[in-house]
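This is query22.txt. It holds compact mmCIF, C-alpha atoms.
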# COMPACT_ATOMS: atom_id res chain seq x y z
CA MET A 226 -38.00 19.21 -38.15
CA LEU A 227 -40.87 19.14 -35.68
CA LEU A 228 -40.81 15.99 -33.48
CA GLU A 229 -38.16 14.36 -35.67
CA LYS A 230 -37.22 11.75 -33.06
CA GLU A 231 -40.85 10.78 -32.49
CA ARG A 232 -41.53 10.55 -36.23
CA GLY A 233 -38.53 8.29 -36.64
CA HIS A 234 -39.80 6.07 -33.86
CA VAL A 235 -43.16 5.63 -35.61
CA ILE A 236 -41.21 4.36 -38.63
CA GLU A 237 -39.25 1.92 -36.44
CA ILE A 238 -42.52 0.49 -35.11
CA ALA A 239 -43.98 0.27 -38.63
CA LEU A 240 -40.95 -1.70 -39.82
CA GLN A 241 -41.13 -4.07 -36.86
CA ILE A 242 -44.81 -4.72 -37.53
CA SER A 243 -44.09 -5.36 -41.19
CA ASP A 244 -41.22 -7.73 -40.36
CA MET A 245 -43.45 -9.66 -37.95
CA LYS A 246 -46.12 -10.07 -40.68
CA LEU A 247 -48.78 -8.37 -38.60
CA VAL A 248 -49.83 -6.53 -41.77
CA PRO A 249 -49.48 -7.22 -45.49
CA LEU A 250 -48.08 -4.57 -47.86
CA THR A 251 -49.01 -1.02 -46.72
CA PHE A 252 -52.00 -2.10 -44.63
CA GLY A 253 -52.35 -0.87 -41.06
CA ASN A 254 -51.51 2.48 -39.49
CA TYR A 255 -49.62 3.62 -36.41
CA SER A 256 -49.29 6.73 -34.32
CA LEU A 257 -47.93 8.20 -31.14
CA ARG A 258 -48.87 11.23 -29.13
CA ASP A 259 -46.15 13.47 -27.73
CA PRO A 260 -47.04 14.06 -24.06
CA GLU A 261 -45.42 17.49 -23.97
CA SER A 262 -46.99 19.09 -27.04
CA ASP A 263 -50.05 16.80 -27.27
CA LEU A 264 -49.33 16.52 -31.00
CA VAL A 265 -49.85 13.25 -32.87
CA CYS A 266 -47.43 11.64 -35.32
CA VAL A 267 -49.22 9.30 -37.75
CA THR A 268 -48.15 7.20 -40.72
CA PRO A 269 -48.95 8.46 -44.24
CA SER A 270 -51.46 6.84 -46.54
CA GLY A 271 -50.36 4.04 -48.86
CA MET A 272 -46.57 4.39 -48.62
CA PRO A 273 -44.32 1.31 -48.29
CA TYR A 274 -42.94 1.34 -44.78
CA HIS A 275 -39.35 0.60 -45.82
CA THR A 276 -39.29 3.81 -47.89
CA LEU A 277 -40.40 6.15 -45.11
CA HIS A 278 -38.36 9.12 -43.90
CA PRO A 279 -39.26 11.05 -40.73
CA SER A 280 -40.55 13.88 -42.93
CA ASP A 281 -43.16 11.48 -44.36
CA ILE A 282 -44.79 11.06 -40.96
CA VAL A 283 -47.59 13.59 -40.56
CA VAL A 284 -47.83 15.69 -37.39
CA MET A 285 -51.26 16.94 -36.32
CA ASP A 286 -53.25 17.99 -33.31
CA VAL A 287 -55.80 15.68 -31.66
CA ASP A 288 -58.57 17.23 -33.77
CA GLY A 289 -56.82 16.12 -36.96
CA LYS A 290 -55.47 19.50 -38.09
CA VAL A 291 -52.11 19.01 -39.82
CA VAL A 292 -49.32 20.95 -38.15
CA ASP A 293 -46.35 19.64 -40.12
CA GLY A 294 -45.85 17.32 -43.07
CA GLU A 295 -46.59 17.27 -46.80
CA ARG A 296 -48.00 13.74 -47.09
CA ARG A 297 -51.62 12.68 -46.90
CA PRO A 298 -52.10 11.04 -43.50
CA SER A 299 -53.60 7.58 -43.11
CA ILE A 300 -57.28 7.39 -44.00
CA GLU A 301 -57.80 6.00 -40.50
CA THR A 302 -56.50 9.18 -38.87
CA PRO A 303 -59.95 9.96 -37.35
CA LEU A 304 -59.76 6.58 -35.60
CA HIS A 305 -56.49 7.54 -33.94
CA THR A 306 -57.42 11.09 -33.00
CA GLY A 307 -60.83 9.95 -31.74
CA ILE A 308 -59.23 7.54 -29.29
CA TYR A 309 -56.66 10.12 -28.19
CA ARG A 310 -59.43 12.63 -27.42
CA ARG A 311 -61.32 10.09 -25.33
CA ARG A 312 -58.29 8.55 -23.63
CA PRO A 313 -55.74 10.95 -22.10
CA ASP A 314 -53.84 7.86 -20.86
CA VAL A 315 -53.16 6.66 -24.42
CA LEU A 316 -49.90 7.75 -26.05
CA GLY A 317 -49.59 5.11 -28.77
CA ILE A 318 -51.94 3.32 -31.18
CA VAL A 319 -51.29 0.36 -33.48
CA HIS A 320 -53.88 -0.80 -36.03
CA THR A 321 -52.99 -4.13 -37.64
CA HIS A 322 -54.50 -6.54 -40.15
CA SER A 323 -52.95 -9.65 -38.63
CA THR A 324 -54.30 -12.95 -39.96
CA PHE A 325 -55.85 -14.59 -36.91
CA CYS A 326 -57.25 -11.41 -35.37
CA THR A 327 -58.83 -10.52 -38.70
CA ALA A 328 -60.27 -14.02 -39.02
CA TRP A 329 -61.97 -13.66 -35.62
CA ALA A 330 -63.14 -10.19 -36.66
CA CYS A 331 -64.94 -11.78 -39.63
CA ARG A 332 -67.03 -14.09 -37.44
CA ASP A 333 -70.63 -13.28 -36.56
CA ILE A 334 -70.01 -13.19 -32.81
CA ASP A 335 -69.78 -10.49 -30.15
CA GLY A 336 -66.06 -10.87 -29.51
CA MET A 337 -63.09 -13.23 -29.39
CA PRO A 338 -63.25 -15.73 -26.49
CA CYS A 339 -60.51 -15.49 -23.89
CA VAL A 340 -58.65 -18.80 -23.76
CA THR A 341 -55.10 -17.86 -22.76
CA SER A 342 -53.70 -16.23 -19.65
CA GLU A 343 -51.93 -13.66 -21.83
CA SER A 344 -55.21 -12.60 -23.42
CA ALA A 345 -56.75 -12.34 -19.97
CA ASP A 346 -53.85 -10.18 -18.82
CA LEU A 347 -54.39 -7.89 -21.81
CA VAL A 348 -58.10 -7.11 -21.65
CA GLY A 349 -59.53 -9.06 -18.71
CA GLY A 350 -62.03 -11.09 -20.73
CA LYS A 351 -63.18 -11.63 -24.27
CA VAL A 352 -61.84 -9.18 -26.84
CA LYS A 353 -64.71 -6.94 -27.93
CA LEU A 354 -65.69 -6.71 -31.59
CA ALA A 355 -66.69 -3.39 -33.15
CA LYS A 356 -69.31 -3.73 -35.87
CA PHE A 357 -68.25 -3.34 -39.49
CA CYS A 358 -68.08 0.22 -40.77
CA MET A 359 -66.56 1.59 -43.95
CA PRO A 360 -62.77 1.95 -43.62
CA GLY A 361 -61.69 5.54 -43.16
CA SER A 362 -65.16 6.71 -42.15
CA GLN A 363 -66.05 8.82 -39.16
CA GLU A 364 -68.53 6.09 -38.23
CA LEU A 365 -65.67 3.59 -38.01
CA ALA A 366 -63.74 5.97 -35.78
CA ASP A 367 -66.69 6.57 -33.47
CA VAL A 368 -67.80 2.94 -33.23
CA THR A 369 -64.29 1.62 -32.62
CA ALA A 370 -63.47 4.25 -30.00
CA GLU A 371 -66.73 3.40 -28.22
CA THR A 372 -66.06 -0.35 -28.41
CA ILE A 373 -62.49 -0.27 -27.13
CA GLY A 374 -63.61 1.94 -24.25
CA GLN A 375 -60.96 1.73 -21.52
CA ASP A 376 -59.50 -1.53 -22.85
CA LYS A 377 -56.14 -1.89 -24.53
CA ALA A 378 -57.46 -3.69 -27.59
CA CYS A 379 -60.48 -4.60 -29.66
CA LEU A 380 -61.29 -6.22 -32.99
CA MET A 381 -62.75 -4.27 -35.90
CA GLY A 382 -65.48 -6.10 -37.80
CA ASN A 383 -64.29 -7.66 -41.09
CA HIS A 384 -61.22 -5.46 -40.85
CA GLY A 385 -58.52 -6.10 -38.26
CA ALA A 386 -57.50 -5.13 -34.75
CA ILE A 387 -56.47 -2.02 -32.84
CA CYS A 388 -54.36 -1.61 -29.71
CA ALA A 389 -54.03 1.55 -27.62
CA ASP A 390 -51.65 1.92 -24.70
CA LYS A 391 -49.33 4.17 -22.70
CA SER A 392 -46.77 4.17 -25.54
CA ILE A 393 -46.52 3.00 -29.12
CA ASP A 394 -44.05 0.33 -27.94
CA ALA A 395 -46.61 -0.97 -25.45
CA ALA A 396 -49.30 -0.94 -28.14
CA LEU A 397 -47.05 -3.04 -30.39
CA LYS A 398 -46.53 -5.53 -27.56
CA ASP A 399 -50.31 -5.68 -27.11
CA ALA A 400 -50.76 -6.37 -30.83
CA ILE A 401 -48.32 -9.28 -30.63
CA ILE A 402 -50.11 -10.75 -27.60
CA LEU A 403 -53.50 -10.23 -29.24
CA GLU A 404 -52.50 -12.05 -32.43
CA GLU A 405 -50.94 -14.92 -30.49
CA GLY A 406 -54.12 -15.23 -28.41
CA ALA A 407 -56.21 -15.23 -31.58
CA LYS A 408 -54.04 -17.97 -33.06
CA VAL A 409 -54.27 -20.18 -29.97
CA ALA A 410 -58.03 -19.61 -29.77
CA TYR A 411 -58.44 -20.61 -33.42
CA TYR A 412 -56.48 -23.85 -33.00
CA SER A 413 -58.12 -24.74 -29.70
CA PHE A 414 -61.57 -24.46 -31.25
CA GLN A 415 -60.45 -26.74 -34.08
CA MET A 416 -59.46 -29.32 -31.47
CA GLY A 417 -62.76 -29.00 -29.56
CA ASN A 418 -63.78 -28.94 -25.87
CA VAL A 419 -62.34 -25.48 -25.31
CA ASN A 420 -61.91 -24.27 -21.74
CA ILE A 421 -62.88 -20.61 -22.09
CA LEU A 422 -61.79 -18.43 -19.18
CA THR A 423 -64.77 -16.84 -17.44
CA ASP A 424 -64.96 -13.06 -17.30
CA GLN A 425 -64.52 -13.24 -13.52
CA VAL A 426 -61.30 -15.27 -13.77
CA ALA A 427 -59.96 -13.27 -16.71
CA ASN A 428 -60.64 -9.96 -14.97
CA ALA A 429 -58.94 -11.16 -11.80
CA MET A 430 -55.88 -12.14 -13.85
CA HIS A 431 -55.90 -8.76 -15.59
CA GLU A 432 -56.06 -6.86 -12.30
CA ASP A 433 -53.28 -9.00 -10.84
CA THR A 434 -51.06 -8.31 -13.86
CA VAL A 435 -51.68 -4.56 -13.65
CA LYS A 436 -50.80 -4.61 -9.95
CA ASN A 437 -47.92 -7.07 -9.77
CA TYR A 438 -46.26 -7.71 -13.15
CA GLY A 439 -42.90 -6.09 -13.95
CA GLN A 440 -40.49 -3.97 -11.96
CA ILE A 441 -41.24 -1.06 -9.66
CA MET A 442 -39.57 2.01 -11.15

Please render this file's structure as structure tokens.
Amino acid sequence: MLLEKERGHVIEIALQISDMKLVPLTFGNYSLRDPESDLVCVTPSGMPYHTLHPSDIVVMDVDGKVVDGERRPSIETPLHTGIYRRRPDVLGIVHTHSTFCTAWACRDIDGMPCVTSESADLVGGKVKLAKFCMPGSQELADVTAETIGQDKACLMGNHGAICADKSIDAALKDAIILEEGAKVAYYSFQMGNVNILTDQVANAMHEDTVKNYGQIM
């Protein structure tokens, strides 16, 4: 089976996301790009994650042409392939419908305020919000890819959130941080007198994290 190990890993990520309640039911979609072949492994449309077998994960090129697999790929496949084409650094994408991120994505604002150091580390400022577009549409793919730009995450209007990173594991970590930041932001605004981190401070924290956090390999 083509990219069997990678397809199995996409399932592992899907199950973790489901267990962490970052999506309800079969919502959300996940993918990874194999750096050697440049092929993309993406979750199928509408299948319960606990039933998935590696053969259910669809393999395609970055233009969306199916190379291996009998299932219909996620309707958001153009979103994934669009980001991969624009971002050679991205090897994993996680699109969630987590509660607090989605709540912020439903507000009539230009993004989610940055109130935690973890959120600052992630994107270096407020989390951008892509305007609402029909799910599964090419417009959604184009608008979201444009909005996320070189960031690791953005919100999708009235829809959810998407994270893109150097691996699907890193994208999952980003999704966890993003949802936690959204939760803290929600509660802090309920309490009032919120100390929002300025873009200058948040960006400095982001750059420091990129430079200094973790181990030198």

(Q) Please compute the CA of Val265 (chain A)-CA of Asp367 (chain A) distance, one decimal, in Å. (A) 18.1 Å

Box in all listed atoms of region 280-285 of chain A, axis-aligned, with 4 Å more on each side; write out centre and edge lengths in Å to one decimal as lines of an AutoDock Vina configuration file.
center_x = -45.9
center_y = 14.0
center_z = -40.3
size_x = 18.7
size_y = 13.9
size_z = 16.0

Q: Find the spatial neighbours of Glu301 (chain A), counting only C-alpha atoms, within a cut-off of 12 Å - ignore same-chain residues fewer than 4 positions away - and output them as number ranges by chain.
A: A: 252-256, 267-271, 289, 297, 305-308, 318-321, 358-367, 369, 384, 387

Q. Within 7 Å of Cys266 (chain A), counting all atoms listed in the file, which residues qualify if same-chain residues fewer than 5 places away don't, as an MDAnalysis selection string?
A. chainID A and resid 232 256:258 282:285

Residues of the last selection are to be written out with C-alpha atoms, as a short mmCIF file (atom, residue, chain, number, x, y, z; two decimals), keeping the file's coordinate frame.
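part_4.cif, written as the output of this step:
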data_model
loop_
_atom_site.label_atom_id
_atom_site.label_comp_id
_atom_site.auth_asym_id
_atom_site.auth_seq_id
_atom_site.Cartn_x
_atom_site.Cartn_y
_atom_site.Cartn_z
CA ARG A 232 -41.53 10.55 -36.23
CA SER A 256 -49.29 6.73 -34.32
CA LEU A 257 -47.93 8.20 -31.14
CA ARG A 258 -48.87 11.23 -29.13
CA ILE A 282 -44.79 11.06 -40.96
CA VAL A 283 -47.59 13.59 -40.56
CA VAL A 284 -47.83 15.69 -37.39
CA MET A 285 -51.26 16.94 -36.32
#

What lies within 7 Å of Phe357 (chain A) using all atoms listed in the file, ignoring chain neighbours under 5 positions off, as a PDB file with C-alpha atoms, in the frame of the given file?
ATOM      1  CA  MET A 381     -62.750  -4.270 -35.900  1.00  0.00           C
ATOM      2  CA  GLY A 382     -65.480  -6.100 -37.800  1.00  0.00           C
ATOM      3  CA  ASN A 383     -64.290  -7.660 -41.090  1.00  0.00           C
TER       4      ASN A 383
END

(Q) With all atoms listed in the file as the counted atoms, please give the residues lying no more than 8 Å from Leu380 (chain A), apart from itself and same-chain residues fewer than 3 positions off, as a list in words. (A)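 Final neighbour list, sorted by chain and number: Cys326, Thr327, Trp329, Ala330, Gly336, Val352, Lys353, Leu354, Ala355, His384, Gly385, Ala386 and Ile387 of chain A.
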
Q: Kindly give the distance, in Å, that separates CA of Lys391 (chain A) and CA of Leu316 (chain A), rounded to a single decimal.
A: 4.9 Å

Q) What lies within 8 Å of His431 (chain A) using all atoms listed in the file, ignoring chain neighbours under 2 positions off, as a list of chain:residue names? A)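 Final neighbour list, sorted by chain and number: A:Ala345, A:Asp346, A:Leu347, A:Val348, A:Gly349, A:Ala427, A:Asn428, A:Ala429, A:Asp433, A:Thr434, A:Val435.
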
Atoms to include: C-alpha atoms. Write the selected residues as an mmCIF file, in the coordinates of the input.
data_model
loop_
_atom_site.group_PDB
_atom_site.id
_atom_site.type_symbol
_atom_site.label_atom_id
_atom_site.label_comp_id
_atom_site.auth_asym_id
_atom_site.auth_seq_id
_atom_site.Cartn_x
_atom_site.Cartn_y
_atom_site.Cartn_z
ATOM 1 C CA ALA A 345 -56.750 -12.340 -19.970
ATOM 2 C CA ASP A 346 -53.850 -10.180 -18.820
ATOM 3 C CA LEU A 347 -54.390 -7.890 -21.810
ATOM 4 C CA VAL A 348 -58.100 -7.110 -21.650
ATOM 5 C CA GLY A 349 -59.530 -9.060 -18.710
ATOM 6 C CA ALA A 427 -59.960 -13.270 -16.710
ATOM 7 C CA ASN A 428 -60.640 -9.960 -14.970
ATOM 8 C CA ALA A 429 -58.940 -11.160 -11.800
ATOM 9 C CA ASP A 433 -53.280 -9.000 -10.840
ATOM 10 C CA THR A 434 -51.060 -8.310 -13.860
ATOM 11 C CA VAL A 435 -51.680 -4.560 -13.650
#

Q.
Let me make sure I understand: among A:Ile402, A:Asp390, A:Met337, A:Glu261, which one has the smallest atom-to-atom distance to Phe414 (chain A) if we use all atoms listed in the file?
A.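 That would be A:Met337, the residue with the smallest distance to Phe414 (chain A).
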
Q | One-decimal distance in Å that lies between CA of Ala400 (chain A) and CA of Ser344 (chain A) | A |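 CA of Ser344 (chain A) sits 10.7 Å away from CA of Ala400 (chain A).
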
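Distance annotation: of A:Leu250, A:Val409, A:Leu304, A:Ala378, the residue with the minimal separation from Leu397 (chain A) is A:Ala378; atom set is all atoms listed in the file.
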
Region 264-382 of chain A from the block above: C-alpha atoms written as a compact mmCIF listing (two decimals), in the first residue's frame:
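Listing of out.txt after writing:
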# COMPACT_ATOMS: atom_id res chain seq x y z
CA LEU A 264 2.16 13.33 -2.06
CA VAL A 265 -0.62 14.26 0.36
CA CYS A 266 -2.54 11.87 2.62
CA VAL A 267 -5.96 13.26 3.58
CA THR A 268 -8.92 11.97 5.58
CA PRO A 269 -12.00 10.72 3.70
CA SER A 270 -15.33 12.49 3.70
CA GLY A 271 -17.88 11.70 6.41
CA MET A 272 -16.38 8.52 7.87
CA PRO A 273 -16.24 7.97 11.66
CA TYR A 274 -12.62 8.24 12.68
CA HIS A 275 -12.64 5.13 14.87
CA THR A 276 -13.59 3.01 11.83
CA LEU A 277 -10.76 4.17 9.59
CA HIS A 278 -8.18 1.82 8.06
CA PRO A 279 -5.05 3.12 6.31
CA SER A 280 -6.64 2.21 2.96
CA ASP A 281 -9.44 4.72 3.71
CA ILE A 282 -6.98 7.61 3.71
CA VAL A 283 -6.79 9.13 0.24
CA VAL A 284 -3.40 9.81 -1.37
CA MET A 285 -3.15 12.61 -3.93
CA ASP A 286 -0.75 15.08 -5.43
CA VAL A 287 -0.71 18.75 -4.38
CA ASP A 288 -3.05 19.59 -7.27
CA GLY A 289 -5.71 17.27 -5.84
CA LYS A 290 -5.35 14.40 -8.32
CA VAL A 291 -6.00 11.10 -6.53
CA VAL A 292 -3.06 8.72 -6.76
CA ASP A 293 -4.29 5.95 -4.46
CA GLY A 294 -7.46 5.23 -2.52
CA GLU A 295 -11.09 4.34 -3.25
CA ARG A 296 -12.79 6.75 -0.83
CA ARG A 297 -14.06 10.23 -1.55
CA PRO A 298 -11.59 12.65 0.06
CA SER A 299 -12.69 15.37 2.45
CA ILE A 300 -14.70 18.14 0.81
CA GLU A 301 -12.09 20.52 2.20
CA THR A 302 -9.30 18.90 0.19
CA PRO A 303 -8.79 22.07 -1.92
CA LEU A 304 -8.10 23.92 1.34
CA HIS A 305 -5.29 21.52 2.20
CA THR A 306 -3.73 21.31 -1.25
CA GLY A 307 -3.98 25.08 -1.68
CA ILE A 308 -1.94 25.68 1.46
CA TYR A 309 0.60 23.01 0.50
CA ARG A 310 1.13 24.65 -2.90
CA ARG A 311 1.71 28.05 -1.30
CA ARG A 312 3.77 26.82 1.65
CA PRO A 313 6.64 24.41 0.90
CA ASP A 314 7.48 24.51 4.63
CA VAL A 315 4.13 22.96 5.60
CA LEU A 316 3.98 19.18 5.95
CA GLY A 317 0.88 18.83 8.12
CA ILE A 318 -2.56 20.48 8.32
CA VAL A 319 -5.27 20.15 10.96
CA HIS A 320 -8.73 21.70 10.49
CA THR A 321 -10.85 21.58 13.65
CA HIS A 322 -14.28 22.74 14.79
CA SER A 323 -13.30 23.26 18.42
CA THR A 324 -15.85 25.10 20.54
CA PHE A 325 -14.04 28.26 21.61
CA CYS A 326 -12.19 28.83 18.34
CA THR A 327 -15.45 28.44 16.46
CA ALA A 328 -17.19 30.85 18.83
CA TRP A 329 -14.53 33.50 18.11
CA ALA A 330 -14.86 32.72 14.40
CA CYS A 331 -18.56 33.61 14.63
CA ARG A 332 -17.90 37.12 15.94
CA ASP A 333 -18.00 40.15 13.66
CA ILE A 334 -14.37 41.13 14.30
CA ASP A 335 -11.13 40.99 12.34
CA GLY A 336 -9.49 38.31 14.47
CA MET A 337 -9.11 36.80 17.93
CA PRO A 338 -7.25 39.07 20.38
CA CYS A 339 -3.96 37.77 21.73
CA VAL A 340 -4.20 37.55 25.52
CA THR A 341 -1.91 34.65 26.45
CA SER A 342 1.81 34.13 26.01
CA GLU A 343 1.12 30.78 24.33
CA SER A 344 -1.05 32.45 21.69
CA ALA A 345 1.67 35.04 21.15
CA ASP A 346 4.23 32.27 20.72
CA LEU A 347 1.99 30.62 18.12
CA VAL A 348 1.20 33.47 15.74
CA GLY A 349 2.86 36.60 17.12
CA GLY A 350 -0.33 38.63 17.52
CA LYS A 351 -4.05 38.35 17.06
CA VAL A 352 -5.27 35.25 15.23
CA LYS A 353 -6.52 36.33 11.81
CA LEU A 354 -10.08 35.57 10.74
CA ALA A 355 -10.87 34.48 7.18
CA LYS A 356 -14.25 35.68 5.95
CA PHE A 357 -17.09 33.18 5.69
CA CYS A 358 -17.19 31.15 2.49
CA MET A 359 -19.21 28.07 1.63
CA PRO A 360 -17.62 24.92 3.10
CA GLY A 361 -15.85 22.84 0.50
CA SER A 362 -15.69 25.68 -2.02
CA GLN A 363 -12.67 26.83 -3.95
CA GLU A 364 -13.37 30.31 -2.59
CA LEU A 365 -12.98 28.99 0.96
CA ALA A 366 -9.68 27.38 0.02
CA ASP A 367 -8.35 30.54 -1.62
CA VAL A 368 -9.51 32.95 1.09
CA THR A 369 -8.22 30.79 3.94
CA ALA A 370 -4.84 30.17 2.31
CA GLU A 371 -4.50 33.92 1.75
CA THR A 372 -5.52 34.72 5.34
CA ILE A 373 -3.22 32.25 7.07
CA GLY A 374 -0.33 33.51 4.93
CA GLN A 375 2.91 32.51 6.65
CA ASP A 376 1.24 32.00 10.04
CA LYS A 377 0.68 28.67 11.72
CA ALA A 378 -3.02 29.21 12.35
CA CYS A 379 -6.10 31.22 11.51
CA LEU A 380 -9.83 31.16 12.18
CA MET A 381 -12.38 30.43 9.46
CA GLY A 382 -15.47 32.62 9.59
